[in-house]
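Notes to accompany the following structure.
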Amino acid sequence: MGIVKVTDLLVYGYHGCLKEESIIGSEYLINIKAWTNIQKAAKSDSLVDAVDYVLLSDIAQVEMKKRANLLESVVDRIVSESLKRCSNIKKIKVCLAKLNPPTNSDAKSVSVSLTRKSK
């Protein structure tokens, strides 16, 4: 079993429960880990046998354009779409972090992670 990672994908989005968040937006970091059997891709040296990290990045960016109140909704969409479009993923973990969140503290970020196995 191997892991394909997309690390610290920086995306701008308009998620949050506050009205200002839907207008001003914020920066987000996305980290994706996809577990897969890499032996077939290693032997064939063909992208069709691999988990395409470009596709994972594209899926995350597309789902980030769809506004949501909760990070949980966005991370669930990224996980679901990734499993749907990448049939050789055995398990996936997506972590979505909002940078400089509007809190009553000096938090650098808040994040939501979701791990799911393929069916």
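Each chain in the structure tokens gets a letter, A, B and so on, in the order shown; residues start at 1 in every chain, and ligands are counted from 1 in the order they appear.
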
Give the strand (DSSP E) residues of stretch 86-118 of chain A, as assigned by DSSP on the backbone, as a PDB file with C-alpha atoms, in the first residue's frame.
```pdb
ATOM      1  CA  LYS A  91      -8.805   5.167   1.583  1.00  0.00           C
ATOM      2  CA  ILE A  92      -8.611   8.958   1.601  1.00  0.00           C
ATOM      3  CA  LYS A  93      -8.090  11.636   4.225  1.00  0.00           C
ATOM      4  CA  VAL A  94      -8.766  15.302   3.532  1.00  0.00           C
ATOM      5  CA  CYS A  95      -7.908  18.079   5.953  1.00  0.00           C
ATOM      6  CA  LEU A  96      -9.297  21.557   5.257  1.00  0.00           C
ATOM      7  CA  ALA A  97      -7.880  24.439   7.299  1.00  0.00           C
ATOM      8  CA  LYS A  98      -9.216  27.993   7.359  1.00  0.00           C
ATOM      9  CA  LEU A  99      -6.308  30.379   7.884  1.00  0.00           C
ATOM     10  CA  SER A 109      -6.145  28.248  11.705  1.00  0.00           C
ATOM     11  CA  VAL A 110      -9.067  25.961  12.368  1.00  0.00           C
ATOM     12  CA  SER A 111      -9.476  22.705  10.503  1.00  0.00           C
ATOM     13  CA  VAL A 112     -11.734  19.769   9.785  1.00  0.00           C
ATOM     14  CA  SER A 113     -10.474  16.353   8.675  1.00  0.00           C
ATOM     15  CA  LEU A 114     -12.379  13.431   7.221  1.00  0.00           C
ATOM     16  CA  THR A 115     -11.112   9.931   6.479  1.00  0.00           C
ATOM     17  CA  ARG A 116     -13.143   7.470   4.462  1.00  0.00           C
ATOM     18  CA  LYS A 117     -12.526   4.049   2.902  1.00  0.00           C
TER      19      LYS A 117
END
```

| said: Please return, as a PyMOL selection string, all residues of stretch 7-112 of chain A that DSSP assigns to helix (DSSP H, G or I) on the basis of the backbone. | reply: chain A and resi 19-24+39-44+47-49+53-64+71-85

Using C-alpha atoms, can you write the selected residues to a file as a short mmCIF file (atom, residue, chain, number, x, y, z; two decimals), in the first residue's frame?
```
data_model
loop_
_atom_site.label_atom_id
_atom_site.label_comp_id
_atom_site.auth_asym_id
_atom_site.auth_seq_id
_atom_site.Cartn_x
_atom_site.Cartn_y
_atom_site.Cartn_z
CA LYS A 19 -22.16 37.18 6.35
CA GLU A 20 -18.76 38.86 6.05
CA GLU A 21 -17.09 35.53 5.25
CA SER A 22 -19.31 35.11 2.20
CA ILE A 23 -18.25 38.57 0.97
CA ILE A 24 -14.61 38.92 1.99
CA GLN A 39 2.43 -1.67 -7.55
CA LYS A 40 0.44 -1.62 -10.81
CA ALA A 41 1.41 2.00 -11.52
CA ALA A 42 5.01 1.32 -10.53
CA LYS A 43 5.22 -1.55 -13.01
CA SER A 44 3.30 0.05 -15.89
CA LEU A 47 -0.89 7.49 -15.14
CA VAL A 48 -4.05 5.44 -15.77
CA ASP A 49 -2.86 3.00 -13.11
CA TYR A 53 -2.56 14.12 -7.80
CA VAL A 54 -3.46 16.75 -10.42
CA LEU A 55 -7.02 15.39 -10.48
CA LEU A 56 -7.16 15.43 -6.66
CA SER A 57 -6.02 19.07 -6.66
CA ASP A 58 -8.58 19.97 -9.33
CA ILE A 59 -11.40 18.29 -7.41
CA ALA A 60 -10.48 20.19 -4.24
CA GLN A 61 -10.36 23.51 -6.08
CA VAL A 62 -13.72 22.94 -7.79
CA GLU A 63 -15.42 21.98 -4.52
CA MET A 64 -13.92 25.04 -2.79
CA LEU A 71 -15.99 23.26 6.53
CA GLU A 72 -17.50 19.83 7.21
CA SER A 73 -19.69 20.20 4.11
CA VAL A 74 -16.76 21.15 1.89
CA VAL A 75 -14.45 18.40 3.14
CA ASP A 76 -17.21 15.82 2.68
CA ARG A 77 -17.71 16.93 -0.93
CA ILE A 78 -13.97 16.71 -1.66
CA VAL A 79 -13.76 13.19 -0.19
CA SER A 80 -16.90 11.97 -1.98
CA GLU A 81 -15.90 13.36 -5.37
CA SER A 82 -12.35 12.02 -5.05
CA LEU A 83 -13.60 8.51 -4.31
CA LYS A 84 -16.11 8.75 -7.15
CA ARG A 85 -13.56 9.88 -9.75
#
```

| Nearby residues (only C-alpha atoms) at most 12 Å from A:Leu18, same-chain spacing under 3 positions excluded, as a PyMOL selection string | chain A and resi 14-15+21-26+68-70+101-103

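Distances from A:Ile38, A:Cys86, A:Ile30, A:Ala50 to A:Gly2 were compared using only C-alpha atoms, and the smallest one belongs to A:Ile38.
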
| What is the atom CA of A:Leu10-atom CA of A:Trp35 distance in Å, reported with one decimal? |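 Interatomic distance here is 21.8 Å.
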
| request: For atom CA of A:Asn88 and atom CA of A:Leu9, quote the distance in Å rounded to one decimal. | output: 21.8 Å

| field | Non-local contacts of A:Val11 (7 Å; only C-alpha atoms; under 6 positions in same chain excluded) as a VMD selection string | value | chain A and resid 27 to 29 61

Given the selection you just returned, output its residues as a file containing all heavy atoms, formatted as a PDB file, in the first residue's frame.
```pdb
ATOM      1  N   GLU A  27      -8.307  32.587   3.079  1.00  0.00           N
ATOM      2  CA  GLU A  27      -7.397  31.588   2.533  1.00  0.00           C
ATOM      3  C   GLU A  27      -7.575  30.273   3.289  1.00  0.00           C
ATOM      4  O   GLU A  27      -7.813  30.262   4.497  1.00  0.00           O
ATOM      5  CB  GLU A  27      -5.944  32.047   2.664  1.00  0.00           C
ATOM      6  CG  GLU A  27      -5.584  33.153   1.710  1.00  0.00           C
ATOM      7  CD  GLU A  27      -4.105  33.498   1.777  1.00  0.00           C
ATOM      8  OE1 GLU A  27      -3.535  33.509   2.893  1.00  0.00           O
ATOM      9  OE2 GLU A  27      -3.525  33.750   0.710  1.00  0.00           O
ATOM     10  N   TYR A  28      -7.412  29.179   2.545  1.00  0.00           N
ATOM     11  CA  TYR A  28      -7.542  27.834   3.086  1.00  0.00           C
ATOM     12  C   TYR A  28      -6.362  26.997   2.637  1.00  0.00           C
ATOM     13  O   TYR A  28      -5.845  27.188   1.537  1.00  0.00           O
ATOM     14  CB  TYR A  28      -8.828  27.168   2.585  1.00  0.00           C
ATOM     15  CG  TYR A  28     -10.083  27.845   3.056  1.00  0.00           C
ATOM     16  CD1 TYR A  28     -10.575  28.977   2.413  1.00  0.00           C
ATOM     17  CD2 TYR A  28     -10.786  27.348   4.144  1.00  0.00           C
ATOM     18  CE1 TYR A  28     -11.729  29.601   2.847  1.00  0.00           C
ATOM     19  CE2 TYR A  28     -11.942  27.969   4.585  1.00  0.00           C
ATOM     20  CZ  TYR A  28     -12.406  29.092   3.938  1.00  0.00           C
ATOM     21  OH  TYR A  28     -13.540  29.713   4.377  1.00  0.00           O
ATOM     22  N   LEU A  29      -5.980  26.053   3.479  1.00  0.00           N
ATOM     23  CA  LEU A  29      -4.978  25.052   3.113  1.00  0.00           C
ATOM     24  C   LEU A  29      -5.664  23.692   3.093  1.00  0.00           C
ATOM     25  O   LEU A  29      -6.387  23.338   4.030  1.00  0.00           O
ATOM     26  CB  LEU A  29      -3.835  25.002   4.126  1.00  0.00           C
ATOM     27  CG  LEU A  29      -2.715  26.008   3.977  1.00  0.00           C
ATOM     28  CD1 LEU A  29      -1.662  25.789   5.063  1.00  0.00           C
ATOM     29  CD2 LEU A  29      -2.066  25.922   2.610  1.00  0.00           C
ATOM     30  N   GLN A  61     -10.143  22.117  -5.670  1.00  0.00           N
ATOM     31  CA  GLN A  61     -10.356  23.513  -6.080  1.00  0.00           C
ATOM     32  C   GLN A  61     -11.781  23.752  -6.574  1.00  0.00           C
ATOM     33  O   GLN A  61     -12.380  24.795  -6.272  1.00  0.00           O
ATOM     34  CB  GLN A  61      -9.338  23.890  -7.150  1.00  0.00           C
ATOM     35  CG  GLN A  61      -7.929  23.976  -6.582  1.00  0.00           C
ATOM     36  CD  GLN A  61      -6.903  24.317  -7.625  1.00  0.00           C
ATOM     37  OE1 GLN A  61      -6.839  25.452  -8.078  1.00  0.00           O
ATOM     38  NE2 GLN A  61      -6.108  23.317  -8.001  1.00  0.00           N
TER      39      GLN A  61
END
```

| query | Between atom CA of A:Ser105 and atom CA of A:Gly16, what is the distance, to one decimal in Å? | reply |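 We find that atom CA of A:Ser105 and atom CA of A:Gly16 lie 16.7 Å from each other.
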